[in-house]
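Undergrad: Sharing start-v5.cif here; it has mmCIF, C-alpha atoms (C1' of nucleotides).
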data_my_file
loop_
_atom_site.label_atom_id
_atom_site.label_comp_id
_atom_site.auth_asym_id
_atom_site.auth_seq_id
_atom_site.Cartn_x
_atom_site.Cartn_y
_atom_site.Cartn_z
CA MET W 232 50.75 -115.54 150.56
CA ARG W 233 49.95 -115.05 146.94
CA ASP W 234 46.43 -115.48 145.79
CA ASN W 235 45.69 -116.22 142.20
CA ARG W 236 42.20 -117.48 142.81
CA ASN W 237 40.66 -114.06 142.54
CA GLU W 238 40.22 -114.78 138.87
CA MET W 239 37.52 -117.27 139.77
CA ARG W 240 35.60 -114.94 142.02
CA GLY W 241 33.75 -113.18 139.28
CA PRO W 242 34.61 -110.46 136.80
CA ASN W 243 34.18 -107.68 139.33
CA LEU W 244 37.31 -108.86 141.17
CA LEU W 245 39.48 -109.32 138.11
CA PHE W 246 41.40 -106.15 138.92
CA LEU W 247 42.69 -107.67 142.17
CA THR W 248 44.58 -110.59 140.67
CA ASP W 249 48.31 -110.78 141.28
CA GLU W 250 48.81 -110.26 137.56
CA GLN W 251 46.87 -107.01 137.62
CA LEU W 252 48.58 -105.86 140.79
CA ARG W 253 52.03 -106.53 139.38
CA LYS W 254 51.16 -104.72 136.19
CA GLY W 255 50.02 -101.78 138.25
CA ILE W 256 53.28 -101.80 140.21
CA GLU W 257 55.35 -101.82 137.05
CA ALA W 258 53.21 -99.13 135.46
CA MET W 259 53.73 -96.99 138.55
CA PHE W 260 57.48 -97.52 138.32
CA PHE W 261 57.75 -96.53 134.68
CA ALA W 262 55.23 -93.72 134.90
CA TYR W 263 57.05 -92.08 137.79
CA ARG W 264 60.22 -92.09 135.74
CA GLY W 265 58.34 -90.28 132.99
CA PHE W 266 56.76 -88.00 135.54
CA THR W 267 60.15 -86.73 136.74
CA ALA W 268 62.15 -87.02 133.53
CA ASP W 269 61.48 -83.56 132.12
CA PRO W 270 62.01 -81.56 135.33
CA ASP W 271 65.14 -83.61 136.05
CA ARG W 272 66.55 -82.59 132.69
CA VAL W 273 65.94 -78.92 133.39
CA LEU W 274 67.37 -79.23 136.89
CA SER W 275 70.56 -81.00 135.95
CA GLU W 276 71.35 -78.24 133.46
CA LYS W 277 71.39 -75.83 136.38
CA GLY W 278 73.27 -78.09 138.78
CA TYR W 279 70.23 -78.89 140.88
CA GLY W 280 68.59 -82.14 141.90
CA ARG W 281 65.09 -83.42 142.43
CA ALA W 282 65.11 -82.19 146.02
CA HIS W 283 65.48 -78.62 144.77
CA HIS W 284 62.41 -79.05 142.60
CA ARG W 285 60.33 -80.23 145.54
CA ALA W 286 61.47 -77.39 147.75
CA VAL W 287 60.77 -74.79 145.08
CA HIS W 288 57.40 -76.33 144.32
CA PHE W 289 56.12 -76.30 147.86
CA ILE W 290 57.53 -72.87 148.68
CA HIS W 291 55.70 -71.60 145.60
CA ARG W 292 52.63 -73.46 146.78
CA SER W 293 52.74 -72.16 150.35
CA PRO W 294 54.70 -68.90 150.47
CA GLY W 295 56.00 -68.06 153.92
CA THR W 296 56.11 -71.68 155.00
CA THR W 297 58.68 -72.54 157.64
CA VAL W 298 61.57 -74.99 157.50
CA ASN W 299 59.77 -77.35 159.86
CA ASN W 300 56.68 -77.32 157.67
CA LEU W 301 58.74 -78.22 154.62
CA LEU W 302 60.46 -81.02 156.53
CA GLY W 303 57.09 -82.59 157.25
CA ILE W 304 55.84 -82.22 153.70
CA LEU W 305 58.96 -83.41 151.91
CA GLY W 306 59.82 -86.25 154.24
CA VAL W 307 63.56 -85.61 154.11
CA THR W 308 66.00 -84.95 156.90
CA LYS W 309 66.88 -81.54 158.21
CA GLN W 310 70.36 -81.75 156.79
CA SER W 311 69.24 -82.65 153.28
CA LEU W 312 66.71 -79.86 153.22
CA ASN W 313 69.22 -77.44 154.67
CA ARG W 314 71.75 -78.20 151.99
CA VAL W 315 69.12 -77.65 149.32
CA LEU W 316 67.81 -74.44 150.87
CA ARG W 317 71.34 -73.15 151.39
CA SER W 318 72.16 -73.43 147.69
CA LEU W 319 68.81 -71.96 146.65
CA ILE W 320 69.25 -69.01 149.00
CA ASP W 321 72.86 -68.45 147.96
CA ASP W 322 71.80 -68.51 144.31
CA GLY W 323 69.11 -65.93 145.00
CA LEU W 324 66.10 -68.14 144.25
CA VAL W 325 64.72 -68.34 147.78
CA GLU W 326 64.51 -65.74 150.49
CA SER W 327 64.52 -66.62 154.18
CA LYS W 328 62.92 -64.13 156.54
CA VAL W 329 63.04 -64.30 160.31
CA GLY W 330 59.56 -64.65 161.77
CA THR W 331 57.93 -61.59 163.27
CA GLN W 332 55.92 -63.33 165.98
CA ASP W 333 58.32 -66.19 166.58
CA LYS W 334 61.86 -65.16 165.76
CA ARG W 335 63.05 -68.77 165.83
CA GLU W 336 61.16 -69.52 162.64
CA ARG W 337 62.40 -68.77 159.14
CA HIS W 338 59.72 -68.05 156.58
CA LEU W 339 60.57 -69.02 153.03
CA TYR W 340 59.64 -67.15 149.85
CA LEU W 341 60.57 -67.40 146.19
CA THR W 342 62.41 -64.46 144.66
CA PRO W 343 61.55 -63.43 141.08
CA ALA W 344 64.36 -65.71 139.91
CA GLY W 345 62.89 -68.49 142.03
CA HIS W 346 59.48 -67.97 140.47
CA ALA W 347 61.11 -68.16 137.06
CA LEU W 348 62.65 -71.55 137.84
CA GLU W 349 59.40 -72.79 139.33
CA ALA W 350 57.53 -71.75 136.21
CA GLU W 351 60.03 -73.49 133.99
CA LEU W 352 59.83 -76.74 135.97
CA SER W 353 56.08 -76.58 136.29
CA GLU W 354 55.83 -75.93 132.59
CA VAL W 355 57.51 -79.11 131.44
CA GLN W 356 55.97 -81.33 134.10
CA THR W 357 52.48 -80.00 133.62
CA ALA W 358 52.79 -80.45 129.88
CA ARG W 359 53.31 -84.17 130.26
CA VAL W 360 50.57 -84.61 132.85
CA ARG W 361 48.17 -82.58 130.73
CA SER W 362 48.95 -84.70 127.72
CA ALA W 363 48.41 -87.88 129.72
CA TYR W 364 45.14 -86.54 131.14
CA ARG W 365 43.94 -85.55 127.71
CA ALA W 366 44.80 -88.94 126.27
CA ALA W 367 43.09 -90.85 129.07
CA GLY W 368 39.98 -88.73 129.49
CA PRO W 369 38.10 -87.27 132.47
CA GLU W 370 36.76 -90.50 133.95
CA ALA W 371 40.20 -92.09 133.84
CA VAL W 372 41.65 -89.03 135.58
CA GLN W 373 39.12 -89.32 138.34
CA GLY W 374 40.04 -92.96 138.85
CA PHE W 375 43.71 -92.10 138.71
CA ARG W 376 43.31 -89.58 141.50
CA MET W 377 41.25 -91.95 143.62
CA VAL W 378 43.84 -94.72 143.47
CA LEU W 379 46.70 -92.32 144.19
CA GLU W 380 44.99 -90.93 147.25
CA ALA W 381 44.24 -94.42 148.50
CA MET W 382 47.91 -95.28 148.12
CA MET W 383 49.15 -92.60 150.51
CA ASP W 384 50.04 -93.06 154.14
CA THR W 385 47.78 -91.35 156.63
CA GLU W 386 50.67 -88.98 157.27
CA MET W 387 50.98 -87.92 153.63
CA ARG W 388 47.24 -87.91 153.31
CA ARG W 389 47.16 -85.27 156.03
CA CYS W 390 49.76 -83.17 154.20
CA PHE W 391 47.95 -83.57 150.90
CA ASP W 392 44.59 -82.61 152.33
CA LYS W 393 46.06 -79.62 154.12
CA LEU W 394 47.48 -78.42 150.82
CA LYS W 395 44.18 -78.99 149.08
CA GLU W 396 42.19 -76.83 151.47
CA THR W 397 44.57 -73.95 150.79
CA GLU W 398 42.88 -73.34 147.48
CA MET G 1279 52.18 -70.23 129.58
CA ARG G 1280 49.63 -71.06 132.21
CA ASP G 1281 46.08 -71.44 131.17
CA ASN G 1282 43.32 -71.07 133.69
CA ARG G 1283 40.63 -70.51 131.15
CA ASN G 1284 39.90 -74.16 130.69
CA GLU G 1285 37.34 -73.74 133.42
CA MET G 1286 35.19 -71.79 131.02
CA ARG G 1287 35.36 -74.33 128.23
CA GLY G 1288 32.67 -76.57 129.58
CA PRO G 1289 32.51 -79.20 132.28
CA ASN G 1290 34.15 -81.88 130.16
CA LEU G 1291 37.46 -80.01 130.33
CA LEU G 1292 37.39 -79.27 134.04
CA PHE G 1293 40.01 -81.93 134.65
CA LEU G 1294 42.57 -80.01 132.60
CA THR G 1295 42.70 -76.86 134.70
CA ASP G 1296 46.02 -75.88 136.24
CA GLU G 1297 44.48 -76.51 139.64
CA GLN G 1298 43.61 -80.07 138.73
CA LEU G 1299 46.97 -80.66 137.12
CA ARG G 1300 48.84 -79.39 140.14
CA LYS G 1301 46.73 -81.54 142.44
CA GLY G 1302 47.54 -84.53 140.27
CA ILE G 1303 51.24 -83.74 140.43
CA GLU G 1304 51.20 -83.49 144.20
CA ALA G 1305 49.11 -86.64 144.50
CA MET G 1306 51.65 -88.44 142.35
CA PHE G 1307 54.46 -87.20 144.57
CA PHE G 1308 52.88 -88.33 147.82
CA ALA G 1309 51.51 -91.57 146.40
CA TYR G 1310 54.89 -92.63 145.10
CA ARG G 1311 56.33 -92.13 148.56
CA GLY G 1312 53.65 -94.44 149.92
CA PHE G 1313 54.24 -96.83 147.06
CA THR G 1314 57.90 -97.32 147.99
CA ALA G 1315 57.69 -96.84 151.76
CA ASP G 1316 57.06 -100.46 152.74
CA PRO G 1317 59.66 -102.10 150.49
CA ASP G 1318 62.18 -99.44 151.49
CA ARG G 1319 61.66 -100.38 155.13
CA VAL G 1320 62.28 -104.05 154.41
CA LEU G 1321 65.31 -103.25 152.25
CA SER G 1322 67.03 -100.97 154.73
CA GLU G 1323 66.82 -103.69 157.38
CA LYS G 1324 68.91 -105.85 155.09
CA GLY G 1325 71.32 -103.14 154.02
CA TYR G 1326 69.91 -102.79 150.54
CA GLY G 1327 68.53 -99.86 148.58
CA ARG G 1328 65.74 -99.27 146.14
CA ALA G 1329 67.96 -100.26 143.24
CA HIS G 1330 68.25 -103.75 144.72
CA HIS G 1331 64.48 -104.02 144.78
CA ARG G 1332 64.19 -103.11 141.13
CA ALA G 1333 66.87 -105.55 140.09
CA VAL G 1334 65.33 -108.39 142.07
CA HIS G 1335 61.86 -107.58 140.77
CA PHE G 1336 62.78 -107.64 137.11
CA ILE G 1337 65.05 -110.67 137.38
CA HIS G 1338 62.12 -112.46 138.99
CA ARG G 1339 59.91 -111.16 136.23
CA SER G 1340 62.21 -112.18 133.39
CA PRO G 1341 64.51 -114.98 134.53
CA GLY G 1342 67.62 -115.33 132.42
CA THR G 1343 67.61 -111.68 131.38
CA THR G 1344 70.96 -110.16 130.58
CA VAL G 1345 72.72 -107.23 132.20
CA ASN G 1346 72.12 -105.11 129.12
CA ASN G 1347 68.42 -105.87 129.20
CA LEU G 1348 68.21 -104.80 132.81
CA LEU G 1349 70.09 -101.59 132.02
CA GLY G 1350 67.45 -100.66 129.51
CA ILE G 1351 64.58 -101.51 131.79
CA LEU G 1352 65.88 -99.87 134.95
CA GLY G 1353 67.30 -96.76 133.35
CA VAL G 1354 70.37 -96.70 135.56
CA THR G 1355 74.02 -96.65 134.63
CA LYS G 1356 75.96 -99.80 134.04
CA GLN G 1357 78.11 -99.25 137.11
CA SER G 1358 75.23 -98.68 139.47
CA LEU G 1359 73.57 -101.84 138.27
CA ASN G 1360 76.83 -103.73 138.47
CA ARG G 1361 77.39 -102.72 142.07
CA VAL G 1362 73.89 -103.81 142.97
CA LEU G 1363 74.26 -107.10 141.12
CA ARG G 1364 77.66 -107.67 142.70
CA SER G 1365 76.27 -107.45 146.24
CA LEU G 1366 73.25 -109.56 145.34
CA ILE G 1367 75.47 -112.22 143.80
CA ASP G 1368 77.93 -112.16 146.70
CA ASP G 1369 75.04 -112.51 149.13
CA GLY G 1370 73.75 -115.49 147.23
CA LEU G 1371 70.48 -113.94 146.05
CA VAL G 1372 71.26 -113.80 142.35
CA GLU G 1373 73.09 -116.19 140.09
CA SER G 1374 74.96 -115.08 136.97
CA LYS G 1375 75.44 -117.64 134.22
CA VAL G 1376 77.59 -117.13 131.14
CA GLY G 1377 75.52 -117.30 127.98
CA THR G 1378 75.67 -120.45 125.91
CA GLN G 1379 75.26 -118.88 122.49
CA ASP G 1380 76.94 -115.59 123.24
CA LYS G 1381 79.53 -115.98 125.95
CA ARG G 1382 79.76 -112.22 126.46
CA GLU G 1383 76.31 -112.18 127.98
CA ARG G 1384 75.54 -113.00 131.60
CA HIS G 1385 72.09 -114.43 132.26
CA LEU G 1386 70.63 -113.59 135.64
CA TYR G 1387 68.50 -115.80 137.86
CA LEU G 1388 67.21 -115.60 141.41
CA THR G 1389 68.41 -118.23 143.87
CA PRO G 1390 65.92 -119.61 146.43
CA ALA G 1391 67.12 -116.92 148.85
CA GLY G 1392 66.57 -114.36 146.12
CA HIS G 1393 63.06 -115.61 145.56
CA ALA G 1394 62.46 -115.30 149.29
CA LEU G 1395 63.49 -111.64 149.30
CA GLU G 1396 61.44 -110.96 146.19
CA ALA G 1397 58.40 -112.53 147.82
CA GLU G 1398 58.86 -110.46 150.97
CA LEU G 1399 59.18 -107.22 149.00
CA SER G 1400 56.33 -108.08 146.68
CA GLU G 1401 54.21 -109.00 149.67
CA VAL G 1402 54.33 -105.61 151.38
CA GLN G 1403 54.12 -103.58 148.19
CA THR G 1404 51.28 -105.60 146.75
CA ALA G 1405 49.38 -105.34 150.02
CA ARG G 1406 49.28 -101.57 149.76
CA VAL G 1407 48.39 -101.53 146.08
CA ARG G 1408 45.70 -104.12 146.65
CA SER G 1409 44.25 -102.06 149.46
CA ALA G 1410 44.28 -98.94 147.30
CA TYR G 1411 42.67 -100.81 144.41
CA ARG G 1412 39.99 -102.24 146.67
CA ALA G 1413 39.24 -98.83 148.14
CA ALA G 1414 39.03 -97.14 144.75
CA GLY G 1415 37.15 -99.82 142.81
CA PRO G 1416 37.55 -101.44 139.38
CA GLU G 1417 36.63 -98.44 137.22
CA ALA G 1418 39.05 -96.22 139.13
CA VAL G 1419 41.78 -98.80 138.66
CA GLN G 1420 41.20 -98.86 134.94
CA GLY G 1421 41.50 -95.08 134.80
CA PHE G 1422 44.57 -95.21 136.99
CA ARG G 1423 46.27 -97.58 134.60
CA MET G 1424 45.30 -95.55 131.55
CA VAL G 1425 46.76 -92.35 132.93
CA LEU G 1426 49.97 -94.08 134.06
CA GLU G 1427 50.52 -95.59 130.64
CA ALA G 1428 49.91 -92.25 129.01
CA MET G 1429 52.51 -90.69 131.28
CA MET G 1430 55.37 -92.92 130.12
CA ASP G 1431 58.00 -92.08 127.58
CA THR G 1432 57.89 -94.03 124.35
CA GLU G 1433 61.06 -95.74 125.56
CA MET G 1434 59.52 -96.95 128.80
CA ARG G 1435 56.32 -97.71 127.00
CA ARG G 1436 58.27 -100.12 124.86
CA CYS G 1437 59.78 -101.79 127.94
CA PHE G 1438 56.43 -101.96 129.65
CA ASP G 1439 54.68 -103.48 126.66
CA LYS G 1440 57.45 -105.99 126.15
CA LEU G 1441 57.02 -107.11 129.75
CA LYS G 1442 53.28 -107.32 129.33
CA GLU G 1443 53.44 -109.67 126.38
CA THR G 1444 55.58 -112.08 128.42
CA GLU G 1445 52.49 -113.22 130.27
"C1'" DA Y 1370 65.65 -70.50 186.17
"C1'" DC Y 1371 64.19 -74.27 183.36
"C1'" DA Y 1372 62.51 -77.09 179.66
"C1'" DA Y 1373 61.03 -77.15 175.01
"C1'" DT Y 1374 61.08 -75.54 170.28
"C1'" DA Y 1375 63.14 -73.99 165.73
"C1'" DC Y 1376 67.02 -73.78 163.21
"C1'" DG Y 1377 71.71 -74.60 161.79
"C1'" DT Y 1378 75.95 -77.36 161.63
"C1'" DC Y 1379 79.42 -81.09 162.11
"C1'" DA Y 1380 81.29 -85.86 161.45
"C1'" DG Y 1381 80.63 -90.46 159.78
"C1'" DT Y 1382 78.27 -93.78 156.75
"C1'" DG Y 1383 75.87 -95.60 152.78
"C1'" DT Y 1384 73.68 -95.57 148.24
"C1'" DT Y 1385 73.80 -93.93 143.77
"C1'" DG Y 1386 75.71 -91.75 139.78
"C1'" DT Y 1387 79.58 -90.38 136.50
"C1'" DT Y 1388 84.08 -90.91 134.12
"C1'" DG Y 1389 87.16 -93.69 132.20
"C1'" DA Y 1390 89.79 -97.58 131.54
"C1'" DC Y 1391 89.95 -102.61 130.77
"C1'" DA Y 1392 89.13 -107.71 129.47
"C1'" DT Y 1393 86.48 -110.87 126.87
"C1'" DT Y 1394 83.81 -112.26 123.12
"C1'" DC Y 1395 81.59 -111.95 118.68
"C1'" DC Y 1396 81.40 -110.82 113.86
"C1'" DA Y 1397 82.57 -109.48 109.48
"C1'" DA Y 1398 85.80 -107.38 106.12
"C1'" DG Y 1399 90.00 -108.09 104.10
"C1'" DC A 275 92.59 -117.20 108.73
"C1'" DT A 276 93.58 -112.87 110.55
"C1'" DT A 277 92.42 -108.53 112.12
"C1'" DG A 278 89.92 -104.67 113.55
"C1'" DG A 279 85.63 -102.89 115.25
"C1'" DA A 280 81.62 -103.48 118.04
"C1'" DA A 281 79.23 -105.38 121.89
"C1'" DT A 282 79.05 -107.16 126.71
"C1'" DG A 283 80.42 -106.98 131.11
"C1'" DT A 284 83.76 -105.60 135.00
"C1'" DC A 285 86.28 -102.56 137.82
"C1'" DA A 286 88.48 -98.30 140.28
"C1'" DA A 287 88.26 -93.52 141.72
"C1'" DC A 288 85.52 -89.65 142.53
"C1'" DA A 289 81.38 -86.68 143.33
"C1'" DA A 290 76.50 -85.93 144.65
"C1'" DC A 291 73.03 -86.74 147.82
"C1'" DA A 292 70.72 -88.56 151.85
"C1'" DC A 293 70.58 -90.42 156.60
"C1'" DT A 294 71.94 -90.82 161.63
"C1'" DG A 295 73.26 -88.75 165.67
"C1'" DA A 296 75.14 -85.35 168.13
"C1'" DC A 297 75.93 -80.63 169.36
"C1'" DG A 298 75.34 -75.42 169.51
"C1'" DT A 299 72.46 -71.14 169.35
"C1'" DA A 300 68.63 -68.38 169.71
"C1'" DT A 301 64.00 -67.94 171.18
"C1'" DT A 302 59.80 -69.08 173.50
"C1'" DG A 303 56.95 -70.28 177.28
"C1'" DT A 304 56.20 -72.07 181.99
#
What does the file become when written as structure tokens?
TA:
Amino acid sequence: MRDNRNEMRGPNLLFLTDEQLRKGIEAMFFAYRGFTADPDRVLSEKGYGRAHHRAVHFIHRSPGTTVNNLLGILGVTKQSLNRVLRSLIDDGLVESKVGTQDKRERHLYLTPAGHALEAELSEVQTARVRSAYRAAGPEAVQGFRMVLEAMMDTEMRRCFDKLKETE
Amino acid sequence: MRDNRNEMRGPNLLFLTDEQLRKGIEAMFFAYRGFTADPDRVLSEKGYGRAHHRAVHFIHRSPGTTVNNLLGILGVTKQSLNRVLRSLIDDGLVESKVGTQDKRERHLYLTPAGHALEAELSEVQTARVRSAYRAAGPEAVQGFRMVLEAMMDTEMRRCFDKLKETE
DNA sequence: ACAATACGTCAGTGTTGTTGACATTCCAAG
DNA sequence: CTTGGAATGTCAACAACACTGACGTATTGT
């Protein structure tokens, strides 16, 4: 059950009180809204949703990735991803090439128009994150990243680490 | 446009490179999935969605709040909130009382059953946040909170601060 | 030949969002 | 006091998006 007695266990445990935890939860809720607000605005102007942003982002990040790869990274169903990819391909933002070794696979790439959209989305989102980073300072950013990574599932952690080593 | 030259501006600006910003964006994406995964599991068992969680959370947080207040906090449309509230009221988790001063307003309260659901949701979500906090340590948590607050809109910031002062 | 994999698609369901209309209540100007 | 506007909340119809589960096709590998 709830435990409010952390407050009496010394100042080094103050950050684990229910009060602090709830504040963190609410901060996460509001901050994520801010985090997605700008890209969402851009997307809705073009008739796209948040799922399109994610697809475009990770195709940009890992050109030539397959549909199955994206499914694992995004954590959506095949049908949702397919609908998104279908519209992106029809609109000429994403190109789907049949694999050379394994012809069952489709490798996904951004077209020039796709790169343009990605840049536009990345622009507005990065601007906000940069501003937040600048306001909070380097040590805060390091802490921010540590908590976020500790909040992931092992599954996502695996995805995240795999993306990191691609640098 | 993109700016990769931050890397040459000294070590104190290393955290503002595009690489670091992109990593932060992806970490935020994956972490938020982890953040909502456990409550989502509980909710779907009961036929509810994430919107129900938010409503229950903030009614618990601010008992007697009005529908309009919740609209501002949650950032959803009136109809979406109303549908959610309708099901919660019909299921006996939320009680809606006509205002005494202003009879147009409906003041919202959790019933005992509502408090039970809130506790169950809070339990699983808090467990993960607590674990992340513990793993990252107090200084990291402070940085985490600073960056999150800096990432909010002024609008949300206002909501967040108003909730904070209720303590 | 046979099973497994990668991809696409269909039907049915549920949540969420938008548009727009509507009833009730409050308040203030006439 | 009356009346009109503004605020609060409710509701219906429709669209967007996601999920489940099943099925079909092409390809790979044993």
Undergrad: What is the distance, in Å and to one decimal place, between C1' of DA281 (chain A) and CA of Asn1347 (chain G)?
TA: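 So the answer is 13.1 Å.
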Undergrad: Sorted by chain and rising residue number, list the residues of chain G at most 6 Å from chain W (counting only C-alpha atoms), each with its closest atom pair and distance in Å to one decimal, as JSON lines.
TA:
{"residue": "G:Ala1309", "atom": "CA", "partner": "W:Met383", "partner_atom": "CA", "distance": 4.9}
{"residue": "G:Gly1312", "atom": "CA", "partner": "W:Met383", "partner_atom": "CA", "distance": 4.9}
{"residue": "G:Ala1410", "atom": "CA", "partner": "W:Ala381", "partner_atom": "CA", "distance": 4.7}
{"residue": "G:Ala1414", "atom": "CA", "partner": "W:Val378", "partner_atom": "CA", "distance": 5.5}
{"residue": "G:Ala1418", "atom": "CA", "partner": "W:Gly374", "partner_atom": "CA", "distance": 3.4}
{"residue": "G:Gly1421", "atom": "CA", "partner": "W:Ala371", "partner_atom": "CA", "distance": 3.4}
{"residue": "G:Phe1422", "atom": "CA", "partner": "W:Phe375", "partner_atom": "CA", "distance": 3.7}
{"residue": "G:Met1424", "atom": "CA", "partner": "W:Ala367", "partner_atom": "CA", "distance": 5.8}
{"residue": "G:Val1425", "atom": "CA", "partner": "W:Ala367", "partner_atom": "CA", "distance": 5.5}
{"residue": "G:Leu1426", "atom": "CA", "partner": "W:Ala262", "partner_atom": "CA", "distance": 5.3}
{"residue": "G:Ala1428", "atom": "CA", "partner": "W:Ala363", "partner_atom": "CA", "distance": 4.7}
{"residue": "G:Met1429", "atom": "CA", "partner": "W:Ala363", "partner_atom": "CA", "distance": 5.2}
{"residue": "G:Met1430", "atom": "CA", "partner": "W:Ala262", "partner_atom": "CA", "distance": 4.8}
{"residue": "G:Asp1431", "atom": "CA", "partner": "W:Gly265", "partner_atom": "CA", "distance": 5.7}
Undergrad: Just to confirm, what's the straight-line distance from CA of Ser327 (chain W) to C1' of DA1372 (chain Y) in Å (one decimal)?
TA: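 According to the coordinates, CA of Ser327 (chain W) and C1' of DA1372 (chain Y) are separated by 27.6 Å.
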Undergrad: Under the rule that all atoms listed in the file are counted, which of Y:DG1399, Y:DG1377, Y:DG1386, Y:DC1391 is the nearest residue to chain G?
TA: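 Using all atoms listed in the file, chain G sits closest to Y:DG1386.
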Undergrad: Could you please tell me, as a PyMOL selection string, which residues of chain G have an atom within 8 Å of chain A when using only C-alpha atoms (C1' of nucleotides)?
TA: chain G and resi 1345-1346+1360+1382-1384
Undergrad: Let me know the residues the PyMOL selection byres ((chain G and resi 1393-1396) around 8) catches in the file above, as an MDAnalysis selection string.
TA: chainID G and resid 1331 1334:1335 1338 1371 1388:1392 1397:1400
Undergrad: Rounded to one decimal place, report the CA of Asp1380 (chain G)-CA of Leu1348 (chain G) distance in Å.
TA: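 These atoms are spaced 16.9 Å apart.
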Undergrad: When the PyMOL selection byres ((chain Y) within 12 of (chain W)) is applied to the file above, which residues end up in the set, as a ChimeraX atom specification?
TA: /Y:1374-1379
Undergrad: Each side padded by 4 Å, which centre and which edge lengths in Å (one decimal) define the axis-aligned box around the listed atoms of region 1336-1350 of chain G? Give them as JSON.
TA:
{"center_x": 66.3, "center_y": -108.0, "center_z": 134.1, "size_x": 20.8, "size_y": 22.7, "size_z": 17.9}
